[in-house]
Structures are given as structure tokens and as C-alpha cells.
$ cat protein.pdb   # PDB, C-alpha atoms
ATOM      1  CA  SER A  82      19.735   5.500 -13.140
ATOM      2  CA  TYR A  83      23.218   6.747 -13.782
ATOM      3  CA  LEU A  84      24.605   7.521 -17.229
ATOM      4  CA  THR A  85      28.228   8.260 -17.933
ATOM      5  CA  LYS A  86      29.090  10.978 -20.397
ATOM      6  CA  PRO A  87      29.007  10.971 -23.339
ATOM      7  CA  PHE A  88      25.691   9.250 -23.925
ATOM      8  CA  THR A  89      23.279   9.162 -26.821
ATOM      9  CA  ALA A  90      19.765  10.511 -26.846
ATOM     10  CA  GLN A  91      18.470   7.010 -27.647
ATOM     11  CA  LEU A  92      20.146   5.579 -24.529
ATOM     12  CA  LEU A  93      18.580   8.317 -22.410
ATOM     13  CA  ARG A  94      15.120   7.660 -23.923
ATOM     14  CA  ASN A  95      15.459   3.913 -23.281
ATOM     15  CA  ARG A  96      16.479   4.444 -19.657
ATOM     16  CA  VAL A  97      13.583   6.822 -19.046
ATOM     17  CA  GLN A  98      11.109   4.419 -20.680
ATOM     18  CA  ASN A  99      12.412   1.529 -18.559
ATOM     19  CA  LEU A 100      12.117   3.586 -15.366
ATOM     20  CA  LEU A 101       8.580   4.679 -16.218
ATOM     21  CA  GLU A 102       7.557   1.116 -17.056
ATOM     22  CA  SER A 103       8.981  -0.207 -13.780
ATOM     23  CA  ARG A 104       7.051   2.465 -11.848
ATOM     24  CA  ARG A 105       3.822   1.534 -13.678
ATOM     25  CA  LYS A 106       4.362  -2.127 -12.790
ATOM     26  CA  LEU A 107       5.062  -1.200  -9.197
ATOM     27  CA  ALA A 108       1.894   0.873  -8.956
ATOM     28  CA  THR A 109      -0.053  -2.084 -10.407
ATOM     29  CA  VAL A 110       1.458  -4.458  -7.845
ATOM     30  CA  PHE A 111       0.414  -2.276  -4.918
ATOM     31  CA  ALA A 112      -2.944  -1.311  -6.376
ATOM     32  CA  THR A 113      -3.994  -4.917  -6.919
ATOM     33  CA  GLY A 114      -2.181  -6.328  -3.917
ATOM     34  CA  ILE A 115      -1.051  -9.288  -6.019
ATOM     35  CA  GLN A 116       2.657  -9.732  -5.526
ATOM     36  CA  GLU A 117       2.802 -13.395  -6.489
ATOM     37  CA  GLN A 118       2.211 -12.671 -10.179
ATOM     38  CA  HIS A 119       4.776  -9.860 -10.274
ATOM     39  CA  PRO A 120       7.756 -10.566  -8.021
ATOM     40  CA  VAL A 121       8.459  -7.293  -6.291
ATOM     41  CA  GLU A 122      12.230  -7.571  -6.708
ATOM     42  CA  ASP A 123      11.806  -7.610 -10.504
ATOM     43  CA  VAL A 124       9.732  -4.448 -10.491
ATOM     44  CA  PHE A 125      11.928  -2.016  -8.586
ATOM     45  CA  CYS A 126      15.266  -1.715  -6.860
ATOM     46  CA  GLN A 127      16.154  -3.125  -3.462
ATOM     47  CA  GLN A 128      16.145   0.296  -1.754
ATOM     48  CA  ASP A 129      12.590   0.959  -2.864
ATOM     49  CA  HIS A 130      11.571  -2.514  -1.727
ATOM     50  CA  GLU A 131      13.097  -1.905   1.714
ATOM     51  CA  PHE A 132      11.388   1.492   1.938
ATOM     52  CA  ILE A 133       7.947   0.033   1.186
ATOM     53  CA  GLU A 134       8.541  -2.820   3.652
ATOM     54  CA  LYS A 135       9.506  -0.298   6.329
ATOM     55  CA  VAL A 136       6.422   1.840   5.644
ATOM     56  CA  THR A 137       4.208  -1.255   5.737
ATOM     57  CA  SER A 138       5.732  -2.515   8.991
ATOM     58  CA  VAL A 139       5.331   0.889  10.687
ATOM     59  CA  ILE A 140       1.694   0.990   9.582
ATOM     60  CA  LYS A 141       1.019  -2.553  10.831
ATOM     61  CA  GLU A 142       2.756  -1.910  14.174
ATOM     62  CA  ASN A 143       0.626   1.183  14.767
ATOM     63  CA  ILE A 144      -2.564   0.120  13.012
ATOM     64  CA  GLU A 145      -4.819   0.631  16.041
ATOM     65  CA  SER A 146      -3.239   3.961  16.944
ATOM     66  CA  GLU A 147      -5.199   7.146  16.413
ATOM     67  CA  GLN A 148      -1.954   8.986  15.703
ATOM     68  CA  LEU A 149      -1.271   6.927  12.557
ATOM     69  CA  SER A 150      -1.110   9.446   9.726
ATOM     70  CA  THR A 151       1.193  10.480   6.934
ATOM     71  CA  ALA A 152       2.848  12.977   9.298
ATOM     72  CA  PHE A 153       3.482  10.186  11.820
ATOM     73  CA  LEU A 154       4.897   7.897   9.115
ATOM     74  CA  ALA A 155       7.151  10.625   7.747
ATOM     75  CA  ASP A 156       8.411  11.306  11.271
ATOM     76  CA  GLN A 157       9.074   7.603  11.905
ATOM     77  CA  LEU A 158      11.022   7.356   8.644
ATOM     78  CA  PHE A 159      12.944  10.587   9.310
ATOM     79  CA  MET A 160      11.578  12.326   6.228
ATOM     80  CA  SER A 161       9.667  15.497   5.572
ATOM     81  CA  GLU A 162       5.987  15.025   4.779
ATOM     82  CA  SER A 163       6.392  16.308   1.241
ATOM     83  CA  THR A 164       9.332  13.978   0.527
ATOM     84  CA  PHE A 165       7.409  11.066   2.039
ATOM     85  CA  TYR A 166       4.343  11.882  -0.063
ATOM     86  CA  ARG A 167       6.367  12.099  -3.288
ATOM     87  CA  LYS A 168       8.249   8.846  -2.606
ATOM     88  CA  VAL A 169       5.132   6.845  -1.705
ATOM     89  CA  LYS A 170       3.194   8.308  -4.635
ATOM     90  CA  ALA A 171       6.020   7.485  -7.046
ATOM     91  CA  LEU A 172       6.405   3.917  -5.782
ATOM     92  CA  THR A 173       2.791   2.901  -5.232
ATOM     93  CA  GLY A 174       0.696   5.343  -7.213
ATOM     94  CA  MET A 175      -1.198   6.098  -3.988
ATOM     95  CA  ALA A 176      -1.008   8.903  -1.473
ATOM     96  CA  GLY A 177       0.205   7.969   2.007
ATOM     97  CA  SER A 178      -3.306   8.154   3.459
ATOM     98  CA  GLU A 179      -4.589   5.839   0.710
ATOM     99  CA  LEU A 180      -1.822   3.353   1.511
ATOM    100  CA  ILE A 181      -2.710   3.461   5.214
ATOM    101  CA  ARG A 182      -6.395   2.869   4.408
ATOM    102  CA  LYS A 183      -5.557   0.008   2.022
ATOM    103  CA  ILE A 184      -3.412  -1.765   4.634
ATOM    104  CA  ARG A 185      -6.096  -1.218   7.282
ATOM    105  CA  LEU A 186      -8.722  -2.712   4.967
ATOM    106  CA  GLN A 187      -6.472  -5.688   4.152
ATOM    107  CA  THR A 188      -5.963  -6.246   7.880
ATOM    108  CA  ALA A 189      -9.724  -6.101   8.484
ATOM    109  CA  GLU A 190     -10.367  -8.490   5.597
ATOM    110  CA  GLN A 191      -7.832 -10.975   7.020
ATOM    111  CA  MET A 192      -9.498 -10.739  10.446
ATOM    112  CA  MET A 193     -12.900 -11.386   8.880
ATOM    113  CA  ARG A 194     -11.614 -14.567   7.280
ATOM    114  CA  SER A 195      -9.784 -15.858  10.334
ATOM    115  CA  SER A 196     -11.875 -14.867  13.344
ATOM    116  CA  GLN A 197     -15.424 -14.758  14.629
ATOM    117  CA  MET A 198     -15.195 -11.216  16.016
ATOM    118  CA  PRO A 199     -18.051  -8.800  15.397
ATOM    119  CA  ILE A 200     -17.554  -6.385  12.523
ATOM    120  CA  SER A 201     -17.409  -3.393  14.880
ATOM    121  CA  GLU A 202     -14.523  -4.998  16.805
ATOM    122  CA  ILE A 203     -12.688  -5.795  13.566
ATOM    123  CA  ALA A 204     -13.109  -2.210  12.391
ATOM    124  CA  LEU A 205     -11.701  -0.853  15.655
ATOM    125  CA  ARG A 206      -8.745  -3.256  15.598
ATOM    126  CA  ALA A 207      -8.011  -2.226  12.023
ATOM    127  CA  GLY A 208      -7.930   1.417  13.097
ATOM    128  CA  PHE A 209     -11.332   2.649  11.908
ATOM    129  CA  ASN A 210     -13.172   4.751  14.480
ATOM    130  CA  SER A 211     -16.256   5.261  12.337
ATOM    131  CA  MET A 212     -18.302   2.245  11.264
ATOM    132  CA  ALA A 213     -19.899   4.242   8.456
ATOM    133  CA  TYR A 214     -16.494   5.146   7.044
ATOM    134  CA  PHE A 215     -15.311   1.552   7.455
ATOM    135  CA  ARG A 216     -18.349   0.193   5.582
ATOM    136  CA  GLN A 217     -17.958   2.791   2.829
ATOM    137  CA  SER A 218     -14.222   2.125   2.420
ATOM    138  CA  PHE A 219     -14.645  -1.653   2.556
ATOM    139  CA  LYS A 220     -17.346  -1.592  -0.093
ATOM    140  CA  ALA A 221     -15.235   0.647  -2.342
ATOM    141  CA  GLU A 222     -12.258  -1.737  -2.017
ATOM    142  CA  TYR A 223     -13.972  -5.149  -2.121
ATOM    143  CA  GLY A 224     -17.316  -4.415  -3.770
ATOM    144  CA  LEU A 225     -19.315  -5.763  -0.822
ATOM    145  CA  LEU A 226     -20.348  -4.492   2.571
ATOM    146  CA  PRO A 227     -18.447  -6.168   5.431
ATOM    147  CA  SER A 228     -21.490  -8.216   6.506
ATOM    148  CA  GLU A 229     -22.067  -9.380   2.917
ATOM    149  CA  TYR A 230     -18.383 -10.299   2.648
ATOM    150  CA  ILE A 231     -18.545 -12.435   5.795
ATOM    151  CA  LYS A 232     -21.702 -14.199   4.544
ATOM    152  CA  LYS A 233     -20.011 -14.864   1.207
ATOM    153  CA  GLN A 234     -16.950 -16.277   2.960
ATOM    154  CA  LYS A 235     -19.116 -18.607   5.054
ATOM    155  CA  ASN A 236     -20.948 -19.848   1.942
ATOM    156  CA  ASP A 237     -17.710 -20.492   0.055
TER     157      ASP A 237
END

$ encode --input "protein.pdb" --output "C-alpha cells"
Amino acid sequence: SYLTKPFTAQLLRNRVQNLLESRRKLATVFATGIQEQHPVEDVFCQQDHEFIEKVTSVIKENIESEQLSTAFLADQLFMSESTFYRKVKALTGMAGSELIRKIRLQTAEQMMRSSQMPISEIALRAGFNSMAYFRQSFKAEYGLLPSEYIKKQKND
């Protein structure tokens, strides 16, 4: 936000409160993954929206790659790792590695709903090399083990 001089303390407080509130809303949008209820354009500026879209597209393009990491993302976006970390943390409320894991889990969940592949194949295609870590992460995110989730989807 840009303020021209002279400005009042009240104006500065209001701007800061509005910026903090927009960041809280943004973090909520990415934490819940529900963008329909909170249109992303209303929550933060166009540059931030483009940045998050770029990060998401780089993650999705390289989801199966073993080299996918925060260092790789920062390199792809021509940023230092510390700047990348701060920007992602400020916009999403998550560290870069958490964002990568969340997108990988969302990809796996979509594959579970739309295909008949075995869970191990889905985990590999989503970028998880360890089934134990995949099960643990999936359960933490969705509250069910992957096999339980598939059974629930079939029953619904």
C-alpha cells in the first residue's frame, strides 16, 4: 500500500488492518482449499494471484519429479530461497514444502476419485516415494487413510 505524505495515524492504522485482514483471508483460502466461497481476486492483489498461480503450475508440472523442492521452485521463479519462503508464507500461511505437500495430496485425492489405479501408483504419480509418508500425510489432511477414503467414495 502506498500513502502520500502527509497522512494521519488513523489512515495508517486502517491500511495496516486492511492488509492484515486480507492476508488472513488469503491464508484461510489456501488452507481450506475452498476458493468458491472467497473469490481469490477479492482477497489479494493481482500480482499475488499471478505469483500463486505460477507456483502452483510449476508444482503441478513437476509433481512426479524427485527434484521438486522449495529450492527448485525458488530457482524456477528466479528468487532466492529466503525471499520465496517469506512470500509464500505471507500469502498462504504455509511454508513452501507444506504447499508442495498440499498440492500433491490434492492431486492424489483427485486421482482416487477419477481412476481405478492402485493406491501405490497414485502415491508415486503424486510425487510420494514413501507409502508410509503418503498414508500419514493423507490421513492428516483428510482424516482418513487412502484405502478408507476410496471405500467411502465408492459407498457415496

$ residues_near_point --input "protein.pdb" --point "(-4.6, 1.7, 7.1)" --cutoff "8 Å" --atoms "all atoms listed in the file" --output "ChimeraX atom specification"
/A:140-141,144,178-186,207-208

$ residues_around --input "protein.pdb" --residues "Ser201 (chain A)" --least-positions-apart "5" --cutoff "12 Å" --atoms "only C-alpha atoms" --output "JSON, numbers by chain"
{"A": [189, 192, 193, 206, 207, 208, 209, 210, 211, 212, 213, 214, 215, 216, 227, 228]}

$ atom_distance --input "protein.pdb" --atom1 "CA of Ala171 (chain A)" --atom2 "CA of Arg104 (chain A)"
7.0 Å

$ closest_residue --input "protein.pdb" --among "A:Gln128, A:Gln187, A:Ser196, A:Ser150" --to "Lys168 (chain A)" --atoms "all atoms listed in the file"
A:Gln128

$ resolve_selection --input "protein.pdb" --expression "the PyMOL selection byres ((chain A and resi 152-158) around 10)" --output "ChimeraX atom specification"
/A:132,135-137,139-140,143,148-151,159-166,177-178,181

$ build_atoms --input "protein.pdb" --residues "region 188-205 of chain A" --atoms "N, CA and C atoms" --output "compact mmCIF listing (two decimals), in the coordinates of the input"
# COMPACT_ATOMS: atom_id res chain seq x y z
N THR A 188 -6.01 -5.67 6.54
CA THR A 188 -5.96 -6.25 7.88
C THR A 188 -7.37 -6.66 8.33
N ALA A 189 -8.34 -5.79 8.11
CA ALA A 189 -9.72 -6.10 8.48
C ALA A 189 -10.23 -7.31 7.71
N GLU A 190 -9.92 -7.37 6.43
CA GLU A 190 -10.37 -8.49 5.60
C GLU A 190 -9.75 -9.80 6.09
N GLN A 191 -8.49 -9.77 6.48
CA GLN A 191 -7.83 -10.98 7.02
C GLN A 191 -8.48 -11.40 8.33
N MET A 192 -8.83 -10.43 9.18
CA MET A 192 -9.50 -10.74 10.45
C MET A 192 -10.87 -11.34 10.21
N MET A 193 -11.58 -10.85 9.19
CA MET A 193 -12.90 -11.39 8.88
C MET A 193 -12.81 -12.84 8.47
N ARG A 194 -11.77 -13.18 7.74
CA ARG A 194 -11.61 -14.57 7.28
C ARG A 194 -11.16 -15.50 8.39
N SER A 195 -10.41 -14.97 9.36
CA SER A 195 -9.78 -15.86 10.33
C SER A 195 -10.39 -15.82 11.73
N SER A 196 -11.33 -14.93 11.99
CA SER A 196 -11.88 -14.87 13.34
C SER A 196 -13.39 -14.74 13.31
N GLN A 197 -13.97 -14.87 14.48
CA GLN A 197 -15.42 -14.76 14.63
C GLN A 197 -15.81 -13.46 15.34
N MET A 198 -14.92 -12.48 15.34
CA MET A 198 -15.20 -11.22 16.02
C MET A 198 -16.32 -10.47 15.30
N PRO A 199 -17.05 -9.65 16.04
CA PRO A 199 -18.05 -8.80 15.40
C PRO A 199 -17.37 -7.78 14.48
N ILE A 200 -18.10 -7.32 13.50
CA ILE A 200 -17.55 -6.38 12.52
C ILE A 200 -17.08 -5.10 13.20
N SER A 201 -17.81 -4.63 14.20
CA SER A 201 -17.41 -3.39 14.88
C SER A 201 -16.05 -3.56 15.57
N GLU A 202 -15.81 -4.72 16.15
CA GLU A 202 -14.52 -5.00 16.80
C GLU A 202 -13.40 -5.08 15.77
N ILE A 203 -13.68 -5.71 14.65
CA ILE A 203 -12.69 -5.80 13.57
C ILE A 203 -12.34 -4.40 13.06
N ALA A 204 -13.35 -3.57 12.87
CA ALA A 204 -13.11 -2.21 12.39
C ALA A 204 -12.23 -1.44 13.37
N LEU A 205 -12.51 -1.55 14.65
CA LEU A 205 -11.70 -0.85 15.66
C LEU A 205 -10.27 -1.36 15.68
